[in-house]
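Below is the file final.txt, which contains compact mmCIF, C-alpha atoms.
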```
# COMPACT_ATOMS: atom_id res chain seq x y z
CA MET A 20 -42.40 5.17 -48.59
CA SER A 21 -40.20 4.54 -45.59
CA LYS A 22 -39.09 0.94 -45.33
CA TYR A 23 -36.45 2.23 -42.97
CA LEU A 24 -39.05 3.54 -40.57
CA ILE A 25 -41.07 0.30 -40.67
CA ASP A 26 -37.87 -1.53 -39.81
CA LYS A 27 -37.10 0.98 -37.06
CA PHE A 28 -40.51 0.34 -35.54
CA LEU A 29 -40.03 -3.44 -35.64
CA PHE A 30 -36.49 -3.13 -34.26
CA THR A 31 -37.29 -0.80 -31.38
CA ILE A 32 -40.39 -2.73 -30.32
CA ASP A 33 -38.72 -6.14 -30.60
CA ARG A 34 -35.85 -5.26 -28.26
CA ASP A 35 -38.11 -4.05 -25.42
CA PRO A 36 -40.24 -6.65 -23.58
CA GLU A 37 -42.74 -4.05 -22.36
CA LEU A 38 -43.23 -2.66 -25.85
CA VAL A 39 -43.72 -6.14 -27.27
CA GLU A 40 -46.65 -6.66 -24.87
CA ARG A 41 -48.01 -3.19 -25.52
CA TYR A 42 -47.92 -3.70 -29.29
CA ARG A 43 -49.63 -7.07 -28.94
CA ALA A 44 -52.42 -5.65 -26.79
CA ASP A 45 -52.91 -2.30 -28.50
CA PRO A 46 -51.32 -2.18 -31.94
CA ARG A 47 -52.91 1.02 -33.15
CA GLY A 48 -52.30 2.92 -29.94
CA THR A 49 -48.70 1.71 -29.82
CA VAL A 50 -48.04 2.80 -33.40
CA GLU A 51 -49.55 6.24 -32.73
CA TRP A 52 -47.49 6.67 -29.56
CA TRP A 53 -44.33 5.44 -31.26
CA GLU A 54 -44.76 7.73 -34.23
CA ALA A 55 -45.26 10.73 -31.98
CA GLU A 56 -42.59 9.98 -29.40
CA ARG A 57 -40.00 7.58 -30.79
CA SER A 58 -39.92 7.48 -34.56
CA ARG A 59 -37.56 10.43 -34.95
CA VAL A 60 -35.24 9.68 -32.06
CA ILE A 61 -31.82 8.74 -33.46
CA LEU A 62 -30.85 5.72 -31.42
CA ASN A 63 -27.30 6.77 -30.60
CA CYS A 64 -28.04 10.48 -30.09
CA PRO A 65 -29.60 12.35 -27.18
CA ALA A 66 -33.39 12.52 -27.56
CA ALA A 67 -33.31 16.26 -28.19
CA GLU A 68 -31.06 15.80 -31.23
CA ARG A 69 -33.76 14.01 -33.12
CA SER A 70 -34.51 13.90 -36.82
CA THR A 71 -37.14 16.20 -38.25
CA TRP A 72 -38.31 14.33 -41.32
CA PRO A 73 -38.99 10.55 -41.08
CA SER A 74 -42.68 9.64 -41.45
CA LEU A 75 -44.68 6.50 -42.13
CA THR A 76 -47.03 6.51 -45.10
CA ALA A 77 -50.72 5.85 -44.44
CA ASP A 78 -50.36 2.37 -45.90
CA GLU A 79 -47.37 1.55 -43.70
CA ARG A 80 -49.05 2.91 -40.58
CA GLU A 81 -52.20 0.89 -41.25
CA ALA A 82 -50.25 -2.31 -41.80
CA LEU A 83 -48.39 -1.87 -38.50
CA ALA A 84 -51.59 -0.85 -36.68
CA THR A 85 -53.46 -3.97 -37.85
CA HIS A 86 -50.64 -6.52 -37.33
CA ASP A 87 -50.82 -7.15 -41.09
CA TYR A 88 -47.55 -8.97 -41.59
CA VAL A 89 -48.42 -9.99 -45.14
CA ARG A 90 -48.77 -6.34 -46.08
CA LEU A 91 -45.58 -5.47 -44.20
CA PHE A 92 -43.72 -8.16 -46.17
CA GLU A 93 -45.13 -6.65 -49.36
CA LEU A 94 -44.03 -3.17 -48.31
CA GLY A 95 -40.45 -4.43 -48.00
CA ALA A 96 -40.13 -4.79 -44.24
CA HIS A 97 -36.95 -6.66 -43.35
CA ASN A 98 -37.85 -10.35 -43.26
CA PHE A 99 -35.82 -11.14 -40.15
CA LEU A 100 -37.14 -8.25 -38.08
CA LEU A 101 -40.68 -8.99 -39.17
CA LEU A 102 -40.51 -12.68 -38.35
CA THR A 103 -38.74 -12.22 -35.02
CA LEU A 104 -41.19 -9.67 -33.65
CA TYR A 105 -44.27 -11.48 -34.92
CA ILE A 106 -43.11 -14.76 -33.38
CA ALA A 107 -42.88 -12.88 -30.08
CA LEU A 108 -46.39 -11.51 -30.57
CA PHE A 109 -48.26 -14.62 -31.69
CA GLU A 110 -46.35 -17.87 -31.25
CA ARG A 111 -47.84 -18.20 -27.76
CA ASP A 112 -51.34 -18.52 -29.23
CA TYR A 113 -50.51 -21.78 -31.04
CA SER A 114 -50.21 -25.12 -29.31
CA GLU A 115 -47.95 -26.90 -31.82
CA PRO A 116 -44.28 -25.89 -32.15
CA LEU A 117 -43.66 -23.75 -35.26
CA ALA A 118 -47.39 -23.63 -36.07
CA PHE A 119 -47.39 -19.83 -36.19
CA GLN A 120 -44.27 -19.81 -38.36
CA ARG A 121 -45.89 -22.24 -40.79
CA GLU A 122 -49.08 -20.19 -40.94
CA PHE A 123 -46.96 -17.11 -41.61
CA ALA A 124 -45.37 -18.96 -44.53
CA ALA A 125 -48.73 -20.17 -45.84
CA LYS A 126 -50.16 -16.66 -45.84
CA LEU A 127 -47.27 -15.59 -48.06
CA SER A 128 -47.55 -18.62 -50.34
CA HIS A 129 -48.83 -16.53 -53.25
CA TRP A 130 -45.38 -14.95 -53.41
CA SER A 131 -42.58 -16.28 -55.58
CA LEU A 132 -39.23 -14.70 -56.42
CA PRO A 133 -38.41 -11.92 -56.58
CA TYR A 134 -39.76 -10.96 -53.18
CA PRO A 135 -40.30 -7.29 -52.33
CA ASP A 136 -37.00 -5.44 -52.05
CA ILE A 137 -35.86 -5.07 -48.43
CA ALA A 138 -33.00 -2.65 -49.19
CA THR A 139 -33.36 0.57 -47.20
CA MET B 26 4.77 -16.41 -35.15
CA ALA B 27 1.32 -17.53 -34.16
CA LYS B 28 0.10 -20.92 -35.32
CA ILE B 29 -3.31 -21.59 -36.78
CA ALA B 30 -4.48 -24.53 -34.72
CA ALA B 31 -7.69 -25.11 -36.64
CA VAL B 32 -10.05 -23.51 -39.12
CA ILE B 33 -13.68 -24.32 -38.47
CA ALA B 34 -16.76 -23.45 -40.48
CA SER B 35 -20.22 -24.32 -39.29
CA THR B 36 -23.86 -23.47 -39.51
CA HIS B 37 -25.14 -21.80 -36.35
CA HIS B 38 -28.48 -23.03 -35.17
CA PRO B 39 -30.06 -21.13 -32.30
CA PHE B 40 -32.35 -24.09 -31.51
CA TYR B 41 -29.43 -26.36 -30.60
CA TYR B 42 -29.09 -25.18 -27.01
CA ARG B 43 -32.71 -25.83 -26.16
CA ALA B 44 -32.86 -29.12 -28.11
CA SER B 45 -29.71 -30.44 -26.46
CA THR B 46 -30.67 -29.49 -22.91
CA SER B 47 -34.34 -30.50 -23.00
CA THR B 48 -35.51 -33.74 -21.43
CA GLY B 49 -38.50 -36.05 -21.45
CA ALA B 50 -41.44 -35.06 -23.59
CA ASP B 51 -39.82 -31.72 -24.40
CA ARG B 52 -36.84 -33.37 -26.04
CA PRO B 53 -37.27 -33.38 -29.84
CA PRO B 54 -36.77 -36.71 -31.64
CA PHE B 55 -33.75 -35.41 -33.56
CA ALA B 56 -31.91 -34.19 -30.43
CA ASP B 57 -29.81 -37.28 -29.68
CA GLU B 58 -28.41 -37.56 -33.19
CA TRP B 59 -27.74 -33.82 -33.25
CA VAL B 60 -25.91 -33.90 -29.90
CA ALA B 61 -23.79 -36.86 -31.03
CA LYS B 62 -22.74 -35.00 -34.16
CA ILE B 63 -21.97 -31.84 -32.23
CA GLU B 64 -19.89 -33.68 -29.66
CA ALA B 65 -17.83 -35.27 -32.42
CA PHE B 66 -17.43 -31.86 -34.05
CA ARG B 67 -16.43 -30.30 -30.72
CA GLU B 68 -13.62 -32.82 -30.41
CA THR B 69 -12.06 -31.41 -33.60
CA LEU B 70 -11.53 -28.09 -31.82
CA THR B 71 -10.55 -29.58 -28.48
CA ARG B 72 -7.89 -31.69 -30.19
CA ALA B 73 -6.38 -28.55 -31.76
CA ASN B 74 -5.65 -27.14 -28.30
CA PRO B 75 -6.19 -23.46 -29.17
CA ASP B 76 -5.28 -20.49 -26.96
CA VAL B 77 -7.49 -17.90 -28.64
CA LEU B 78 -10.50 -17.95 -30.98
CA VAL B 79 -11.18 -15.59 -33.87
CA MET B 80 -14.97 -15.79 -34.23
CA VAL B 81 -16.59 -14.74 -37.51
CA GLY B 82 -20.31 -14.06 -37.36
CA SER B 83 -22.96 -11.46 -38.02
CA ASP B 84 -25.03 -9.25 -35.76
CA HIS B 85 -28.74 -9.96 -36.26
CA PHE B 86 -29.98 -6.40 -35.71
CA HIS B 87 -29.02 -6.36 -32.06
CA GLN B 88 -26.38 -3.70 -31.58
CA LEU B 89 -25.72 -2.70 -35.18
CA TRP B 90 -28.49 -0.74 -36.79
CA LEU B 91 -29.40 0.85 -40.09
CA ASP B 92 -28.45 4.37 -38.98
CA ASN B 93 -24.79 3.35 -38.87
CA MET B 94 -24.16 -0.03 -40.45
CA PRO B 95 -20.61 -1.35 -40.83
CA GLN B 96 -19.84 -3.93 -43.51
CA PHE B 97 -16.98 -5.60 -41.61
CA LEU B 98 -16.31 -4.92 -37.94
CA VAL B 99 -13.74 -6.23 -35.46
CA GLY B 100 -14.43 -6.17 -31.75
CA LYS B 101 -11.65 -4.80 -29.58
CA ALA B 102 -12.61 -5.13 -25.96
CA PRO B 103 -11.36 -6.95 -22.88
CA TYR B 104 -14.72 -8.67 -22.41
CA TYR B 105 -17.90 -9.35 -24.35
CA ASP B 106 -21.30 -9.75 -22.84
CA ALA B 107 -23.35 -12.01 -25.01
CA ASN B 108 -26.88 -12.82 -26.10
CA TYR B 109 -29.95 -10.64 -25.99
CA TYR B 110 -33.42 -10.63 -24.51
CA ASN B 111 -35.04 -11.59 -27.80
CA GLU B 112 -32.68 -14.58 -28.14
CA GLU B 113 -33.57 -15.69 -24.63
CA ARG B 114 -37.24 -15.20 -25.54
CA GLU B 115 -37.24 -17.08 -28.84
CA PHE B 116 -34.47 -19.63 -28.42
CA GLY B 117 -33.94 -19.95 -24.68
CA LEU B 118 -30.29 -18.93 -25.05
CA PRO B 119 -28.43 -18.12 -21.83
CA ARG B 120 -26.67 -14.85 -21.15
CA MET B 121 -22.91 -15.34 -21.47
CA PHE B 122 -19.75 -13.42 -20.57
CA LEU B 123 -16.64 -13.95 -22.66
CA PRO B 124 -13.04 -12.78 -22.39
CA GLY B 125 -11.49 -10.88 -25.30
CA ASP B 126 -7.98 -10.77 -26.70
CA GLU B 127 -7.35 -7.06 -27.22
CA GLU B 128 -3.84 -7.57 -28.50
CA LEU B 129 -5.00 -9.73 -31.39
CA SER B 130 -7.93 -7.39 -32.03
CA SER B 131 -5.61 -4.39 -32.30
CA TYR B 132 -3.26 -6.31 -34.53
CA LEU B 133 -6.01 -7.45 -36.91
CA LEU B 134 -7.45 -3.94 -37.10
CA ARG B 135 -4.10 -2.32 -37.88
CA GLN B 136 -3.02 -4.98 -40.35
CA GLY B 137 -6.44 -5.19 -41.94
CA LEU B 138 -6.55 -1.44 -42.52
CA ASP B 139 -3.06 -1.56 -43.97
CA GLU B 140 -4.06 -4.44 -46.27
CA GLY B 141 -6.96 -2.49 -47.74
CA PHE B 142 -9.93 -3.54 -45.57
CA ASP B 143 -11.53 -0.49 -44.00
CA LEU B 144 -12.58 -2.38 -40.90
CA ALA B 145 -14.91 -0.77 -38.40
CA PHE B 146 -14.27 -1.46 -34.74
CA SER B 147 -16.18 -1.63 -31.49
CA ASN B 148 -14.82 -1.18 -27.98
CA GLU B 149 -18.09 -2.25 -26.37
CA LEU B 150 -19.73 -5.04 -28.27
CA ARG B 151 -22.45 -7.32 -27.04
CA VAL B 152 -22.21 -10.34 -29.29
CA ASP B 153 -25.21 -12.40 -30.34
CA HIS B 154 -26.02 -15.99 -31.24
CA SER B 155 -23.84 -15.97 -34.36
CA ILE B 156 -20.89 -15.98 -31.94
CA THR B 157 -22.42 -17.82 -28.99
CA CYS B 158 -23.96 -20.74 -30.91
CA PRO B 159 -20.57 -21.99 -32.10
CA LEU B 160 -19.19 -21.50 -28.60
CA ILE B 161 -22.07 -23.52 -27.17
CA THR B 162 -21.39 -26.28 -29.67
CA LEU B 163 -17.58 -26.15 -29.85
CA ARG B 164 -16.35 -24.67 -26.57
CA PRO B 165 -19.23 -24.55 -24.13
CA SER B 166 -17.05 -23.47 -21.21
CA GLY B 167 -16.41 -20.19 -23.05
CA ASP B 168 -13.03 -20.03 -21.36
CA LEU B 169 -10.87 -18.89 -24.27
CA PRO B 170 -10.40 -15.24 -25.25
CA ILE B 171 -12.11 -14.30 -28.49
CA VAL B 172 -11.82 -11.74 -31.24
CA PRO B 173 -15.24 -11.22 -32.82
CA VAL B 174 -15.34 -10.35 -36.52
CA TYR B 175 -18.75 -9.27 -37.74
CA THR B 176 -19.84 -9.23 -41.36
CA ASN B 177 -22.92 -7.67 -42.90
CA ILE B 178 -24.90 -10.49 -44.51
CA PHE B 179 -28.16 -8.94 -43.48
CA ALA B 180 -28.77 -5.32 -44.44
CA PRO B 181 -28.40 -4.51 -48.15
CA PRO B 182 -26.30 -3.16 -49.78
CA LEU B 183 -23.95 -6.02 -48.89
CA PRO B 184 -20.31 -6.49 -49.87
CA GLN B 185 -19.71 -8.81 -52.82
CA PRO B 186 -19.07 -12.52 -52.12
CA ARG B 187 -15.50 -12.24 -53.42
CA ARG B 188 -14.86 -9.62 -50.74
CA PHE B 189 -15.77 -12.13 -48.04
CA VAL B 190 -13.31 -14.60 -49.57
CA GLU B 191 -10.61 -11.93 -49.75
CA LEU B 192 -11.14 -10.96 -46.13
CA GLY B 193 -10.88 -14.63 -45.15
CA LYS B 194 -7.60 -14.97 -47.00
CA ALA B 195 -6.33 -11.79 -45.33
CA ILE B 196 -7.31 -13.00 -41.86
CA ARG B 197 -5.36 -16.19 -42.52
CA ARG B 198 -2.27 -14.26 -43.66
CA MET B 199 -2.47 -11.82 -40.78
CA VAL B 200 -2.88 -14.45 -38.08
CA GLU B 201 0.02 -16.46 -39.49
CA ALA B 202 2.20 -13.34 -39.34
CA TRP B 203 1.09 -12.35 -35.82
CA PRO B 204 4.20 -12.10 -33.63
CA SER B 205 2.91 -14.33 -30.87
CA ASP B 206 3.42 -17.88 -29.73
CA LYS B 207 -0.28 -18.49 -29.38
CA ARG B 208 -2.32 -21.13 -31.13
CA VAL B 209 -5.25 -19.50 -32.89
CA ALA B 210 -8.41 -21.23 -34.04
CA ILE B 211 -10.43 -19.33 -36.64
CA ILE B 212 -14.10 -20.22 -36.43
CA GLY B 213 -16.87 -18.83 -38.61
CA THR B 214 -20.53 -19.61 -38.90
CA GLY B 215 -23.11 -18.96 -41.54
CA HIS B 216 -25.95 -20.72 -43.25
CA LEU B 217 -26.70 -22.98 -46.16
CA SER B 218 -30.06 -22.37 -47.86
CA LEU B 219 -32.33 -20.62 -45.41
CA GLU B 220 -35.63 -18.78 -45.53
CA LEU B 221 -36.80 -16.58 -42.65
CA GLY B 222 -39.84 -14.34 -42.84
CA GLY B 223 -40.92 -15.68 -46.24
CA PRO B 224 -43.19 -18.28 -47.84
CA ARG B 225 -40.59 -21.06 -47.84
CA GLN B 226 -39.70 -20.86 -44.14
CA PHE B 227 -39.82 -23.81 -41.73
CA GLY B 228 -40.51 -26.48 -44.33
CA PRO B 229 -39.72 -30.18 -43.91
CA HIS B 230 -36.10 -29.53 -44.94
CA GLY B 231 -34.00 -26.59 -46.08
CA PRO B 232 -35.61 -24.48 -48.83
CA ASP B 233 -33.11 -25.63 -51.47
CA PRO B 234 -31.57 -29.09 -50.87
CA GLU B 235 -29.79 -28.94 -54.23
CA PHE B 236 -28.01 -25.73 -53.22
CA ASP B 237 -27.13 -27.33 -49.88
CA ARG B 238 -25.66 -30.38 -51.58
CA LYS B 239 -23.52 -28.19 -53.84
CA ALA B 240 -22.52 -25.88 -51.00
CA VAL B 241 -21.31 -28.75 -48.82
CA SER B 242 -19.22 -30.10 -51.69
CA TRP B 243 -17.73 -26.66 -52.44
CA ILE B 244 -16.77 -26.13 -48.82
CA ALA B 245 -15.44 -29.65 -48.24
CA ALA B 246 -13.23 -29.38 -51.34
CA GLY B 247 -12.22 -25.73 -50.83
CA ASP B 248 -13.55 -25.13 -54.34
CA LEU B 249 -13.34 -21.36 -54.49
CA ASP B 250 -13.43 -21.27 -58.30
CA SER B 251 -16.83 -22.95 -58.46
CA VAL B 252 -18.38 -21.08 -55.58
CA LEU B 253 -17.24 -17.70 -56.89
CA ALA B 254 -18.46 -18.60 -60.39
CA GLU B 255 -21.89 -19.70 -59.22
CA VAL B 256 -22.69 -17.43 -56.28
CA SER B 257 -23.58 -13.76 -56.57
CA LEU B 258 -25.52 -11.31 -54.42
CA ASP B 259 -28.48 -11.82 -56.76
CA SER B 260 -28.24 -15.61 -56.95
CA LEU B 261 -28.27 -16.01 -53.19
CA TRP B 262 -31.92 -14.94 -53.04
CA LEU B 263 -32.88 -18.06 -54.99
CA PRO B 264 -32.08 -20.73 -52.37
CA GLY B 265 -33.87 -18.71 -49.67
CA ASN B 266 -34.18 -15.13 -48.50
CA ALA B 267 -31.70 -15.54 -45.63
CA THR B 268 -29.07 -17.41 -47.65
CA HIS B 269 -26.68 -14.46 -47.82
CA GLY B 270 -25.34 -15.90 -44.56
CA PHE B 271 -23.60 -18.38 -46.84
CA MET B 272 -21.07 -15.63 -47.50
CA ASP B 273 -19.65 -16.25 -44.03
CA PHE B 274 -18.93 -19.81 -45.20
CA MET B 275 -17.22 -18.27 -48.24
CA LEU B 276 -15.12 -16.13 -45.91
CA MET B 277 -14.09 -19.30 -44.07
CA MET B 278 -13.24 -20.97 -47.38
CA GLY B 279 -10.88 -18.04 -47.90
CA VAL B 280 -9.33 -18.74 -44.49
CA ALA B 281 -9.02 -22.46 -45.22
CA GLY B 282 -7.39 -21.88 -48.60
CA GLU B 283 -7.94 -22.56 -52.27
CA ASN B 284 -8.65 -26.24 -53.00
CA VAL B 285 -7.76 -27.27 -49.47
CA LYS B 286 -9.96 -30.19 -48.50
CA ALA B 287 -11.57 -30.17 -45.11
CA ASP B 288 -10.14 -32.73 -42.71
CA TYR B 289 -13.54 -33.21 -41.12
CA THR B 290 -16.94 -32.86 -42.77
CA ASP B 291 -20.34 -33.70 -41.39
CA SER B 292 -23.90 -32.59 -41.99
CA LEU B 293 -27.38 -33.14 -40.60
CA ASP B 294 -30.63 -32.60 -42.44
CA LEU B 295 -32.88 -30.89 -39.92
CA PHE B 296 -36.51 -30.01 -40.43
CA HIS B 297 -36.03 -26.58 -41.94
CA THR B 298 -32.36 -26.18 -42.63
CA MET B 299 -29.30 -28.32 -43.22
CA GLU B 300 -26.58 -28.25 -40.61
CA ALA B 301 -22.99 -28.57 -41.84
CA TYR B 302 -19.70 -28.83 -39.97
CA PHE B 303 -16.15 -28.53 -41.34
CA THR B 304 -12.69 -28.51 -39.77
CA TRP B 305 -9.31 -27.98 -41.37
CA TYR B 306 -5.96 -28.53 -39.65
CA PRO B 307 -3.41 -26.32 -41.40
CA THR B 308 0.04 -27.83 -41.65
CA GLU B 309 2.86 -26.17 -39.81
CA ALA B 310 4.55 -25.07 -43.01
CA SER B 311 1.53 -23.26 -44.46
```

Translate this file's structure into structure tokens.
Amino acid sequence: MSKYLIDKFLFTIDRDPELVERYRADPRGTVEWWEAERSRVILNCPAAERSTWPSLTADEREALATHDYVRLFELGAHNFLLLTLYIALFERDYSEPLAFQREFAAKLSHWSLPYPDIAT
Amino acid sequence: MAKIAAVIASTHHPFYYRASTSTGADRPPFADEWVAKIEAFRETLTRANPDVLVMVGSDHFHQLWLDNMPQFLVGKAPYYDANYYNEEREFGLPRMFLPGDEELSSYLLRQGLDEGFDLAFSNELRVDHSITCPLITLRPSGDLPIVPVYTNIFAPPLPQPRRFVELGKAIRRMVEAWPSDKRVAIIGTGHLSLELGGPRQFGPHGPDPEFDRKAVSWIAAGDLDSVLAEVSLDSLWLPGNATHGFMDFMLMMGVAGENVKADYTDSLDLFHTMEAYFTWYPTEAS
């Protein structure tokens, strides 16, 4: 399990407009590329000084590759990162303000406290 | 010594800028009331005539990241660029450029370390909407130098609520002892009950109106005993999964002082969160 790496994916995609569009259009391809090229780059270190160990589990990879935000919530993805990126991906497809956000909430309505632990 | 011109605690709502500047069919029905309340709140800072602003907020995973996460951080830079692409994207927030007060930053870092707060620092900090929203509401010209103070209300493990209060009290003491003739306003923003990225988000009102009612009364009365007795890191999940931002209000209660009533209190029940605005005018002798 690597909640940290899920969060790192959400964080590094969300801050880059080109990657947001790429992840919207091709989620599986973007996750595969990111895992191979970006997942082990330490953000404040030169690219060559990368980590050797972080990996997504199969479950985590599949959730990211299928835009399955309910599963990502259940895996302990950080709620703010998850919401922010997924608004950027899908809000544009809804005509009413906040309609995507309300659908997001409704799809999680089977959850009550305690929510999945987001601590990394 | 420096004078504390005002202590201000507020929610920060990233939708305010867009709501207040939109016109015609784009203007939401609650905008006029919101703007009127903000303009009245802004006057409480203007009237205090500050020279410099200490701004307490929290980075929302913009510059600070989980590979190196400070609990409390003070910016020390001559300038601060502000707001990020994803805040422009989601909230329509403008890019901003703000002057810093390096002398006060250095002073707070040195004194804070000597008082037992192991403050992190940043010499190149791009601040986000936790700092810019209160500037947009309270000082839209952004003309005054700032000292940003960031807290971690976001990435567990978090400091305990009492630590936020203690830091607030220390900031008050330190500013009052600052050898300067400047008038300092201390402004901090947080949240009442709030849910983001969870099943209770974006409801018809805040996720826990009862918590909001209690929180407003605690803050307005400076009731540190009650808030510290009732609020814990665990309990803050109950009103909503983003409610740990309330700890920045607790920090500001520490700045304002034990049982010191706010001189100005206002609130506004918006569609998914309650807005709340407080100002204290410390007396010269304090």

* To do: Fewer than 6 positions away in the same chain doesn't count, so skip those; otherwise give me all residues within 8 Å of segment 70-72 of chain A, counting only C-alpha atoms, as a ChimeraX atom specification.
  => /A:59-61

* To do: Quick one: everything within 9 Å of His269 of chain B, counting all atoms listed in the file, minus sequence neighbours fewer than 4 positions away in the same chain. Send it as a ChimeraX atom specification.
  => /B:178-179,183,186,215-219,258,261-262,265,273

* **Exercise: segment 102-115 of chain A partners within 8 Å, all atoms listed in the file, chain neighbours under 5 positions left out, as an MDAnalysis selection string** => (chainID A and resid 29 32:33 39:40 43 88 120) or (chainID B and resid 114:115 221:222)

* **Near-Pro173 of chain B list (12 Å; all atoms listed in the file; drop same-chain fewer than 6 positions) as a count of residues only** => 47

* Using all atoms listed in the file, select each residue of chain A with any atom at most 7 Å away from an atom of chain B, and give the selection as JSON, numbers by chain. => {"A": [34, 98, 99, 101, 102, 120, 121, 124, 125, 127, 128, 130, 138]}

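Coordinates place atom CA of Tyr175 of chain B at a distance of 24.1 Å from atom CA of Asn74 of chain B.
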
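With atom CA of Pro75 of chain B on one side and atom CA of Ser45 of chain B on the other, the separation reads 24.7 Å.
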
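Across B:Phe66, B:Ser260, B:Phe271, B:Tyr132, the tightest approach to Ser205 of chain B is made by B:Tyr132 when counting only C-alpha atoms.
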
* Asked: Between atom CA of Leu276 of chain B and atom CA of Val190 of chain B, what is the distance, to one decimal in Å?
  -> 4.4 Å

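Residue nearest Leu24 of chain A, chosen from A:Gly95, A:Pro116, A:Pro65, A:Pro133 and counting all atoms listed in the file: A:Gly95.
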
* To do: For Trp243 of chain B, work out the shell of residues within 9 Å, counting only C-alpha atoms and skipping chain neighbours fewer than 5 positions away, then give it as a PyMOL selection string.
  => chain B and resi 238+248-249+251-252+278

Edge lengths and centre, in Å to one decimal, as JSON: that's what I need for the box along x, y and z that holds all listed atoms of segment 81-88 of chain A plus 5 Å on each side.
```
{"center_x": -50.5, "center_y": -4.0, "center_z": -39.2, "size_x": 15.9, "size_y": 19.9, "size_z": 15.1}
```
